[in-house]
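Q: Once you've had a glance at the structure underneath, I'll fire off some questions.
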Number of protein chains: 2
Amino acid sequence: MEPSEFRRHGHALVDWIAEYLSGTEKYPVLPRVSPGDVRNALPSSAPERGESFDAIFADVERVLVPALTHWNHPGFMAYFASSASAPGVLAEFLAAALNQQAMLWRTSPASTELEEVALGWLRDLMGLPEAFEGVIYDTASISSLHALAAAREASVPGVRNEGLAGRGDLPGLCVYCSEHAHSSIDKAVILLGLGHGALRHVPADDRFRMRVDALREAIAKDRAANLIPVAVVATAGTTSTTSVDPIRDIADVCRREGIWLHVDAAYAGVTAIMPEHRIHFDGWEDADSIVVNPHKWLFTPMDLSAFYCRRMDVVRQAFSLVPEYLRTAEGSRGVRNLMDTGIQLGRRFRSLKLWMVLRHFGADGVRAVLAEHIRLAHLFSTWVDADSEFERLAPVPFSVVCFRARPRAMVNASAAELDAFNEQLLDAVNASGEVFLSHTRLNGVVALRVAIGHLNTAERHVARAWQLLREHTDQLLSSRC
Amino acid sequence: MEPSEFRRHGHALVDWIAEYLSGTEKYPVLPRVSPGDVRNALPSSAPERGESFDAIFADVERVLVPALTHWNHPGFMAYFASSASAPGVLAEFLAAALNQQAMLWRTSPASTELEEVALGWLRDLMGLPEAFEGVIYDTASISSLHALAAAREASVPGVRNEGLAGRGDLPGLCVYCSEHAHSSIDKAVILLGLGHGALRHVPADDRFRMRVDALREAIAKDRAANLIPVAVVATAGTTSTTSVDPIRDIADVCRREGIWLHVDAAYAGVTAIMPEHRIHFDGWEDADSIVVNPHKWLFTPMDLSAFYCRRMDVVRQAFSLVPEYLRTAEGSRGVRNLMDTGIQLGRRFRSLKLWMVLRHFGADGVRAVLAEHIRLAHLFSTWVDADSEFERLAPVPFSVVCFRARPRAMVNASAAELDAFNEQLLDAVNASGEVFLSHTRLNGVVALRVAIGHLNTAERHVARAWQLLREHTDQLLSSRC
């Protein structure tokens, strides 16, 4: 593409994106397409001859846009939101053009060192000590995988070279997390060859926090069976309810027992930027590793997961491997090469967007947005609490409210009928296209989730979500009569 | 950021990038900075108040640009090149703004189905049968990790739940690759808990191809020792020399032995788009899995690795795990959810750039660029062969030439002296800023590598590389007198 053509298409795209970012509300959050619609609207083979960018972009608008789930819609309140903020989007544009591959310092000094700078800024903002060295991975799944790989490395002598199989001397290995921990922990344990059965889902208390007495018991039981406890994963902000495990007490257990402590703070960790919220994270400074995801609640587009580790030497011990074709003079002089702290050799320039976002918003700006989201969640929570047709199902430590409809007219309904009613309610509300809520299951019952976290979500969007929930509850009830 | 501001900064960035993409030659390929320069030029903490985009971008130009290694420079001939083509860069810009997270079909029908479409196009272009289902990961490291995880799943009953440790019944597990396989295979074997010692680096022949007789022997020896062969990794385009293992013969061994065959074609696989080059890949259609990296030689910016698998059900068996909060009606109706085929839950909209690149260039356009790169490598190779001061150290099946200086004046030099001379030559040539070459070690001696692969690399750049090599050889020799 000639520079003049790039300019023309680039400028048109800037205008399109400016319109998109500020106008997502004109789209339904959830697209109205059926499986196969996109596939069937496109040719089944690549063109033999090149096509114009205009023709390609026409298909973006014709086929892809109607099939987007609008993560940038202010009514996106499902799962955890992710915001493509303007500085984050511009940073990704620039990063794609610069196309850095920071496997070695030499292959991108800028990306290697900016990663250190940006992660240092974030670490300091969250009040974590300098002993935590940081590295950026793509997702929390990969961050937690590295945490557990390092824990395995630290507790199983010779595992790097000898592995786990066929070693008669080696007992089984165990990992502990709460029953509300994220599925990425399960997948990491499976991948590492520990076996899913080696993951102890420790029961939670009535506020969905890991029970430390049950953790102690589980460890004692495993030790008595001659198994080796390898790691405990404490979650600060579980996926269903954003509950926070008692990190301080868990850290005490881990220290006494000599077990690696990993804190999964992928969603909630950024709130430690607000001193008044740091209480939730009390004790995480004693963890061996922590994951925090700026692509969740820190306005950077997918993907960017920040992994902090007090013992990065163990990560290096597990993964550093320098073939001849990647040896450099700098490497032998002690310069940090990012390929040494990870399974992925290829690494794109992710730090750029984190650095630009932190500078664009400033610490104060970040705090203001997070505080507003938390305020909105608490506001929504008061509406639920004040309405006798609804009940709240979990505390609200951050910006997620779990609740369900429990209409008086259904006072004699079975548990299954109430679940079905709430599922219908969720589908009806989501079908409006104005909001997108998700669900979970708490103590066996279907719970609806309102998760505030998009940069553009304001009080009117939350109020509209509540209005839709109320209206559709009434409609569903009247259709039952 | 207001839409008007986004437009202003976006338009300025488009112009900057247009200038950058067409003008990388004005920069030295390798930056002239020292470790710490970037870190020391930036504040040690995040700003309390937000800053203007102009201020941020001024630091990009002041601090970051001088510290970039220019992967987009046509003189980048190190490792394997990666091209940020214009359609690829525009696609990444759009993908960042759309911010899709395709863990579930529901969370992005567009991204889920476009991935299937784009990977189908690429598969068909490479002449692979439809039985290969595709999925996009970030890097070949992750693709090969999934291949070996699936191989482990297929050969160790109960491994998902029971793992590998503490199982007295379970013998050791082995993986086979050539001594020239990529380090990502080593890392995957370590991560999976097989142990680095379980990886057999099968000796290569004099053309750096895995010796099938040695493979057969290694398998027989391991079986005799009651070990379980889990997988063979054949490489089509090794990192040092781009040699191609004899895939057809290896596939025969794997079929007879019931062993998973993974083909690492990360760099060279795309050349199968040219029917006249498909001979290199003869037999890969019988593999269980294949990795091809469009972010290497198919003009898409970092990161995009295409993983093809005949037995994706085994990948799903290893990794599918659907917690309540991710259950959807579509999932239960058999719609494909991409989170089921991978360790990473979060997935950005990578297929967009592959689809746009294939449409922009067309199959014909891709073939023309690849053919030209191969022509340039062969041309360079003839210069080396014709010069009595140089020797070629490996065949040139694709676009990489391995060679070294072996001046007549050094006919009595020791092996170490020749290595040192070539290292000095490499440093001198790279210090020019006009080209960036890398090195490897072949049969114990230092080899220089010229790897052609950037979209903008033309004959004059390759000629200049050769001229620099010649000139610096003469200079180094005269300074020795």
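Ligands are numbered from 1 in the order shown, residues from 1 within each chain, and chains are lettered A, B, ... in the order they appear in the structure tokens.
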Residues at most 7 Å from A:Gly172, counting only C-alpha atoms, excluding those fewer than 5 positions away in the same chain, as a list in words?

A: Leu227 and Ile228 of chain A; Ala165 and Gly166 of chain B

Q: As a list in words, list the residues of stretch 203-359 of chain B assigned to strand (DSSP E) by DSSP on the backbone atoms of this structure.

A: Ile228, Pro229, Val230, Ala231, Val232, Val233, Ala234, Thr235, Trp260, Leu261, His262, Val263, Asp264, Ser289, Ile290, Val291, Val292, Ser305, Ala306, Phe307, Tyr308 and Cys309 of chain B

Q: Mind checking which residues fall within 7 Å of stretch 246-252 of chain A, counting only C-alpha atoms, ignoring those fewer than 4 positions away in the same chain, and posting them as a PyMOL selection string?

A: chain A and resi 209-210+212+234+256+261+281-284+286-287

Q: Include all heavy atoms and write out the residues we just selected as an mmCIF file, in the first residue's frame.

A:
```
data_model
loop_
_atom_site.group_PDB
_atom_site.id
_atom_site.type_symbol
_atom_site.label_atom_id
_atom_site.label_comp_id
_atom_site.auth_asym_id
_atom_site.auth_seq_id
_atom_site.Cartn_x
_atom_site.Cartn_y
_atom_site.Cartn_z
ATOM 1 N N ARG A 209 -15.753 -16.298 50.837
ATOM 2 C CA ARG A 209 -14.312 -16.169 51.050
ATOM 3 C C ARG A 209 -13.746 -17.510 51.501
ATOM 4 O O ARG A 209 -14.378 -18.235 52.296
ATOM 5 C CB ARG A 209 -14.030 -15.135 52.146
ATOM 6 C CG ARG A 209 -14.615 -13.768 51.826
ATOM 7 C CD ARG A 209 -14.501 -12.836 53.012
ATOM 8 N NE ARG A 209 -15.181 -13.390 54.181
ATOM 9 C CZ ARG A 209 -15.446 -12.695 55.286
ATOM 10 N NH1 ARG A 209 -15.074 -11.426 55.387
ATOM 11 N NH2 ARG A 209 -16.064 -13.264 56.299
ATOM 12 N N MET A 210 -12.571 -17.824 51.045
ATOM 13 C CA MET A 210 -11.968 -19.092 51.421
ATOM 14 C C MET A 210 -11.921 -19.226 52.955
ATOM 15 O O MET A 210 -11.518 -18.299 53.656
ATOM 16 C CB MET A 210 -10.532 -19.181 50.887
ATOM 17 C CG MET A 210 -9.910 -20.574 51.072
ATOM 18 S SD MET A 210 -8.103 -20.575 50.839
ATOM 19 C CE MET A 210 -7.975 -20.339 49.086
ATOM 20 N N VAL A 212 -10.159 -20.297 56.062
ATOM 21 C CA VAL A 212 -8.761 -20.605 56.364
ATOM 22 C C VAL A 212 -8.658 -21.863 57.231
ATOM 23 O O VAL A 212 -7.704 -22.629 57.096
ATOM 24 C CB VAL A 212 -8.066 -19.391 57.016
ATOM 25 C CG1 VAL A 212 -6.613 -19.695 57.315
ATOM 26 C CG2 VAL A 212 -8.165 -18.178 56.084
ATOM 27 N N ALA A 234 -4.900 -17.466 46.433
ATOM 28 C CA ALA A 234 -5.922 -16.648 47.082
ATOM 29 C C ALA A 234 -6.482 -15.702 46.035
ATOM 30 O O ALA A 234 -5.740 -15.169 45.218
ATOM 31 C CB ALA A 234 -5.306 -15.858 48.228
ATOM 32 N N ARG A 256 4.182 -20.372 57.225
ATOM 33 C CA ARG A 256 4.478 -21.446 58.182
ATOM 34 C C ARG A 256 4.713 -22.774 57.485
ATOM 35 O O ARG A 256 5.549 -23.567 57.880
ATOM 36 C CB ARG A 256 3.307 -21.600 59.168
ATOM 37 C CG ARG A 256 3.494 -20.810 60.460
ATOM 38 C CD ARG A 256 2.598 -21.357 61.571
ATOM 39 N NE ARG A 256 1.201 -21.388 61.187
ATOM 40 C CZ ARG A 256 0.368 -20.347 61.287
ATOM 41 N NH1 ARG A 256 0.800 -19.195 61.746
ATOM 42 N NH2 ARG A 256 -0.893 -20.458 60.921
ATOM 43 N N LEU A 261 2.528 -18.698 47.678
ATOM 44 C CA LEU A 261 1.232 -18.016 47.668
ATOM 45 C C LEU A 261 1.099 -17.157 46.420
ATOM 46 O O LEU A 261 1.888 -16.235 46.192
ATOM 47 C CB LEU A 261 1.058 -17.136 48.915
ATOM 48 C CG LEU A 261 -0.210 -16.250 48.903
ATOM 49 C CD1 LEU A 261 -1.490 -17.074 48.789
ATOM 50 C CD2 LEU A 261 -0.255 -15.361 50.150
ATOM 51 N N PHE A 281 -6.651 -5.869 50.336
ATOM 52 C CA PHE A 281 -5.468 -6.591 49.859
ATOM 53 C C PHE A 281 -4.440 -6.801 50.968
ATOM 54 O O PHE A 281 -3.321 -7.207 50.707
ATOM 55 C CB PHE A 281 -4.859 -5.845 48.669
ATOM 56 C CG PHE A 281 -5.869 -5.595 47.585
ATOM 57 C CD1 PHE A 281 -6.581 -4.406 47.530
ATOM 58 C CD2 PHE A 281 -6.164 -6.586 46.663
ATOM 59 C CE1 PHE A 281 -7.542 -4.199 46.557
ATOM 60 C CE2 PHE A 281 -7.127 -6.387 45.691
ATOM 61 C CZ PHE A 281 -7.820 -5.190 45.634
ATOM 62 N N ASP A 282 -4.879 -6.533 52.179
ATOM 63 C CA ASP A 282 -3.978 -6.666 53.315
ATOM 64 C C ASP A 282 -3.317 -8.043 53.311
ATOM 65 O O ASP A 282 -4.006 -9.066 53.320
ATOM 66 C CB ASP A 282 -4.775 -6.457 54.610
ATOM 67 C CG ASP A 282 -3.875 -6.541 55.822
ATOM 68 O OD1 ASP A 282 -2.785 -5.933 55.800
ATOM 69 O OD2 ASP A 282 -4.244 -7.255 56.790
ATOM 70 N N GLY A 283 -1.999 -8.061 53.264
ATOM 71 C CA GLY A 283 -1.276 -9.325 53.288
ATOM 72 C C GLY A 283 -0.728 -9.732 51.928
ATOM 73 O O GLY A 283 0.155 -10.583 51.842
ATOM 74 N N TRP A 284 -1.228 -9.106 50.849
ATOM 75 C CA TRP A 284 -0.743 -9.541 49.528
ATOM 76 C C TRP A 284 0.717 -9.183 49.312
ATOM 77 O O TRP A 284 1.388 -9.778 48.462
ATOM 78 C CB TRP A 284 -1.632 -9.057 48.384
ATOM 79 C CG TRP A 284 -1.585 -7.606 47.992
ATOM 80 C CD1 TRP A 284 -1.140 -6.557 48.743
ATOM 81 C CD2 TRP A 284 -2.009 -7.043 46.740
ATOM 82 N NE1 TRP A 284 -1.288 -5.381 48.050
ATOM 83 C CE2 TRP A 284 -1.820 -5.653 46.819
ATOM 84 C CE3 TRP A 284 -2.551 -7.571 45.574
ATOM 85 C CZ2 TRP A 284 -2.130 -4.789 45.764
ATOM 86 C CZ3 TRP A 284 -2.856 -6.723 44.534
ATOM 87 C CH2 TRP A 284 -2.647 -5.344 44.620
ATOM 88 N N ASP A 286 2.936 -10.026 51.128
ATOM 89 C CA ASP A 286 3.709 -11.213 51.526
ATOM 90 C C ASP A 286 3.553 -12.364 50.528
ATOM 91 O O ASP A 286 4.106 -13.452 50.738
ATOM 92 C CB ASP A 286 3.269 -11.680 52.914
ATOM 93 C CG ASP A 286 3.663 -10.670 53.987
ATOM 94 O OD1 ASP A 286 4.676 -9.965 53.792
ATOM 95 O OD2 ASP A 286 2.950 -10.567 55.000
ATOM 96 N N ALA A 287 2.795 -12.145 49.486
ATOM 97 C CA ALA A 287 2.606 -13.218 48.495
ATOM 98 C C ALA A 287 3.899 -13.438 47.711
ATOM 99 O O ALA A 287 4.783 -12.581 47.686
ATOM 100 C CB ALA A 287 1.476 -12.860 47.539
#
```

Q: Please provide as a list of chain:residue names all residues within 12 Å of B:His11, with the sequence filter that same-chain residues fewer than 4 positions apart are discarded (counting only C-alpha atoms).

A: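 So the residues in contact are A:Phe6, A:Arg7, A:Arg8, A:His9, A:Gly10, A:His11, A:Ala12, A:Leu13, A:Val14, A:Asp15, A:Trp16, A:Ile17, A:Ala18, A:Leu90, A:Phe93, B:Pro3, B:Ser4, B:Glu5, B:Phe6, B:Arg7, B:Asp15, B:Trp16, B:Ile17, B:Ala18.
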
Q: Would you output that residue set with N, CA and C atoms, as a PDB file, in the first residue's frame?

A:
```pdb
ATOM      1  N   PHE A   6      -2.302   4.646   2.392  1.00  0.00           N
ATOM      2  CA  PHE A   6      -2.366   4.378   3.834  1.00  0.00           C
ATOM      3  C   PHE A   6      -2.970   5.568   4.558  1.00  0.00           C
ATOM      4  N   ARG A   7      -2.533   6.771   4.144  1.00  0.00           N
ATOM      5  CA  ARG A   7      -3.083   7.978   4.763  1.00  0.00           C
ATOM      6  C   ARG A   7      -4.586   8.058   4.558  1.00  0.00           C
ATOM      7  N   ARG A   8      -5.002   7.828   3.331  1.00  0.00           N
ATOM      8  CA  ARG A   8      -6.434   7.958   3.041  1.00  0.00           C
ATOM      9  C   ARG A   8      -7.259   6.969   3.873  1.00  0.00           C
ATOM     10  N   HIS A   9      -6.843   5.697   3.850  1.00  0.00           N
ATOM     11  CA  HIS A   9      -7.609   4.693   4.590  1.00  0.00           C
ATOM     12  C   HIS A   9      -7.472   4.895   6.099  1.00  0.00           C
ATOM     13  N   GLY A  10      -6.276   5.296   6.516  1.00  0.00           N
ATOM     14  CA  GLY A  10      -6.044   5.540   7.943  1.00  0.00           C
ATOM     15  C   GLY A  10      -6.909   6.671   8.457  1.00  0.00           C
ATOM     16  N   HIS A  11      -6.973   7.769   7.703  1.00  0.00           N
ATOM     17  CA  HIS A  11      -7.791   8.902   8.150  1.00  0.00           C
ATOM     18  C   HIS A  11      -9.273   8.521   8.210  1.00  0.00           C
ATOM     19  N   ALA A  12      -9.708   7.768   7.201  1.00  0.00           N
ATOM     20  CA  ALA A  12     -11.119   7.329   7.215  1.00  0.00           C
ATOM     21  C   ALA A  12     -11.385   6.433   8.424  1.00  0.00           C
ATOM     22  N   LEU A  13     -10.393   5.600   8.741  1.00  0.00           N
ATOM     23  CA  LEU A  13     -10.562   4.683   9.866  1.00  0.00           C
ATOM     24  C   LEU A  13     -10.583   5.447  11.193  1.00  0.00           C
ATOM     25  N   VAL A  14      -9.750   6.472  11.306  1.00  0.00           N
ATOM     26  CA  VAL A  14      -9.762   7.302  12.519  1.00  0.00           C
ATOM     27  C   VAL A  14     -11.160   7.876  12.734  1.00  0.00           C
ATOM     28  N   ASP A  15     -11.740   8.400  11.661  1.00  0.00           N
ATOM     29  CA  ASP A  15     -13.078   8.987  11.791  1.00  0.00           C
ATOM     30  C   ASP A  15     -14.111   7.926  12.167  1.00  0.00           C
ATOM     31  N   TRP A  16     -13.983   6.771  11.539  1.00  0.00           N
ATOM     32  CA  TRP A  16     -14.925   5.682  11.838  1.00  0.00           C
ATOM     33  C   TRP A  16     -14.805   5.279  13.317  1.00  0.00           C
ATOM     34  N   ILE A  17     -13.558   5.148  13.779  1.00  0.00           N
ATOM     35  CA  ILE A  17     -13.342   4.703  15.158  1.00  0.00           C
ATOM     36  C   ILE A  17     -13.784   5.779  16.155  1.00  0.00           C
ATOM     37  N   ALA A  18     -13.540   7.043  15.818  1.00  0.00           N
ATOM     38  CA  ALA A  18     -13.987   8.129  16.710  1.00  0.00           C
ATOM     39  C   ALA A  18     -15.500   8.052  16.886  1.00  0.00           C
ATOM     40  N   LEU A  90      -5.063   4.206  20.550  1.00  0.00           N
ATOM     41  CA  LEU A  90      -3.990   4.846  19.781  1.00  0.00           C
ATOM     42  C   LEU A  90      -2.657   4.145  20.035  1.00  0.00           C
ATOM     43  N   PHE A  93      -2.455   1.030  17.971  1.00  0.00           N
ATOM     44  CA  PHE A  93      -2.218   1.377  16.563  1.00  0.00           C
ATOM     45  C   PHE A  93      -0.715   1.585  16.353  1.00  0.00           C
TER      46      PHE A  93
ATOM     47  N   PRO B   3     -14.296  12.997  21.229  1.00  0.00           N
ATOM     48  CA  PRO B   3     -14.146  12.514  19.844  1.00  0.00           C
ATOM     49  C   PRO B   3     -13.306  13.461  18.984  1.00  0.00           C
ATOM     50  N   SER B   4     -13.476  14.758  19.195  1.00  0.00           N
ATOM     51  CA  SER B   4     -12.710  15.709  18.367  1.00  0.00           C
ATOM     52  C   SER B   4     -11.216  15.591  18.658  1.00  0.00           C
ATOM     53  N   GLU B   5     -10.899  15.366  19.926  1.00  0.00           N
ATOM     54  CA  GLU B   5      -9.492  15.179  20.295  1.00  0.00           C
ATOM     55  C   GLU B   5      -8.956  13.871  19.727  1.00  0.00           C
ATOM     56  N   PHE B   6      -9.783  12.826  19.820  1.00  0.00           N
ATOM     57  CA  PHE B   6      -9.360  11.537  19.268  1.00  0.00           C
ATOM     58  C   PHE B   6      -9.071  11.682  17.782  1.00  0.00           C
ATOM     59  N   ARG B   7      -9.935  12.432  17.087  1.00  0.00           N
ATOM     60  CA  ARG B   7      -9.717  12.650  15.658  1.00  0.00           C
ATOM     61  C   ARG B   7      -8.389  13.367  15.415  1.00  0.00           C
ATOM     62  N   ASP B  15      -0.561  10.039  10.017  1.00  0.00           N
ATOM     63  CA  ASP B  15       0.504  10.642   9.199  1.00  0.00           C
ATOM     64  C   ASP B  15       1.879  10.192   9.682  1.00  0.00           C
ATOM     65  N   TRP B  16       2.036  10.143  11.007  1.00  0.00           N
ATOM     66  CA  TRP B  16       3.319   9.718  11.567  1.00  0.00           C
ATOM     67  C   TRP B  16       3.630   8.280  11.139  1.00  0.00           C
ATOM     68  N   ILE B  17       2.616   7.419  11.231  1.00  0.00           N
ATOM     69  CA  ILE B  17       2.819   5.999  10.905  1.00  0.00           C
ATOM     70  C   ILE B  17       3.059   5.815   9.400  1.00  0.00           C
ATOM     71  N   ALA B  18       2.342   6.577   8.586  1.00  0.00           N
ATOM     72  CA  ALA B  18       2.565   6.492   7.127  1.00  0.00           C
ATOM     73  C   ALA B  18       4.022   6.824   6.815  1.00  0.00           C
TER      74      ALA B  18
END
```

Q: Stretch 38-230 of chain B: which residues are alpha helix (DSSP H) by DSSP, as a ChimeraX atom specification?

A: /B:38-41,53-59,86-98,109-125,140-155,159-162,183-191,212-224

Q: Would you pick out the contacts of A:His277 at 12 Å or less, using only C-alpha atoms, so that residues sharing its chain but fewer than 6 positions from it are not included, and give the list as a JSON list (two decimals) with N, CA, C and O atoms, in the first residue's frame?

A:
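Saved to part_38.json:
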```
[["chain", "number", "residue", "atom", "x", "y", "z"],
["A", 126, "MET", "N", -0.13, 0.75, 43.45],
["A", 126, "MET", "CA", -0.92, -0.22, 44.22],
["A", 126, "MET", "C", -0.32, -0.46, 45.61],
["A", 126, "MET", "O", -0.84, -1.28, 46.37],
["A", 127, "GLY", "N", 0.79, 0.23, 45.91],
["A", 127, "GLY", "CA", 1.38, 0.10, 47.25],
["A", 127, "GLY", "C", 2.16, -1.18, 47.47],
["A", 127, "GLY", "O", 2.38, -1.59, 48.61],
["A", 236, "ALA", "N", -8.47, -12.23, 45.15],
["A", 236, "ALA", "CA", -8.97, -10.93, 45.61],
["A", 236, "ALA", "C", -9.88, -10.42, 44.51],
["A", 236, "ALA", "O", -9.44, -9.79, 43.57],
["A", 244, "VAL", "N", -13.34, -11.52, 48.49],
["A", 244, "VAL", "CA", -11.89, -11.46, 48.70],
["A", 244, "VAL", "C", -11.50, -12.47, 49.77],
["A", 244, "VAL", "O", -12.00, -12.42, 50.90],
["A", 268, "ALA", "N", -9.79, -7.15, 40.57],
["A", 268, "ALA", "CA", -9.92, -6.12, 41.62],
["A", 268, "ALA", "C", -8.61, -5.44, 41.98],
["A", 268, "ALA", "O", -8.62, -4.38, 42.62],
["A", 269, "GLY", "N", -7.49, -6.02, 41.61],
["A", 269, "GLY", "CA", -6.19, -5.52, 42.08],
["A", 269, "GLY", "C", -5.98, -4.03, 41.86],
["A", 269, "GLY", "O", -5.40, -3.35, 42.70],
["A", 270, "VAL", "N", -6.49, -3.52, 40.73],
["A", 270, "VAL", "CA", -6.25, -2.10, 40.43],
["A", 270, "VAL", "C", -6.87, -1.18, 41.48],
["A", 270, "VAL", "O", -6.45, -0.03, 41.61],
["A", 271, "THR", "N", -7.86, -1.65, 42.22],
["A", 271, "THR", "CA", -8.47, -0.76, 43.23],
["A", 271, "THR", "C", -7.51, -0.47, 44.38],
["A", 271, "THR", "O", -7.77, 0.43, 45.17],
["A", 367, "ARG", "N", -8.29, 6.83, 39.76],
["A", 367, "ARG", "CA", -9.04, 6.70, 41.03],
["A", 367, "ARG", "C", -10.47, 7.20, 40.88],
["A", 367, "ARG", "O", -11.41, 6.60, 41.40],
["A", 370, "LEU", "N", -12.62, 4.57, 38.97],
["A", 370, "LEU", "CA", -12.88, 3.38, 39.78],
["A", 370, "LEU", "C", -13.86, 3.70, 40.90],
["A", 370, "LEU", "O", -14.78, 2.93, 41.19],
["A", 371, "ALA", "N", -13.66, 4.86, 41.54],
["A", 371, "ALA", "CA", -14.55, 5.24, 42.66],
["A", 371, "ALA", "C", -15.98, 5.40, 42.15],
["A", 371, "ALA", "O", -16.94, 5.00, 42.83],
["A", 374, "ILE", "N", -17.57, 2.00, 41.60],
["A", 374, "ILE", "CA", -17.92, 1.38, 42.89],
["A", 374, "ILE", "C", -19.17, 2.06, 43.46],
["A", 374, "ILE", "O", -20.07, 1.40, 43.99],
["A", 397, "PRO", "N", -18.16, -5.81, 47.51],
["A", 397, "PRO", "CA", -16.91, -5.13, 47.89],
["A", 397, "PRO", "C", -16.38, -4.19, 46.81],
["A", 397, "PRO", "O", -15.69, -3.24, 47.12],
["A", 398, "PHE", "N", -16.73, -4.45, 45.55],
["A", 398, "PHE", "CA", -16.19, -3.62, 44.46],
["A", 398, "PHE", "C", -17.33, -3.11, 43.58],
["A", 398, "PHE", "O", -18.18, -2.36, 44.05]]
```
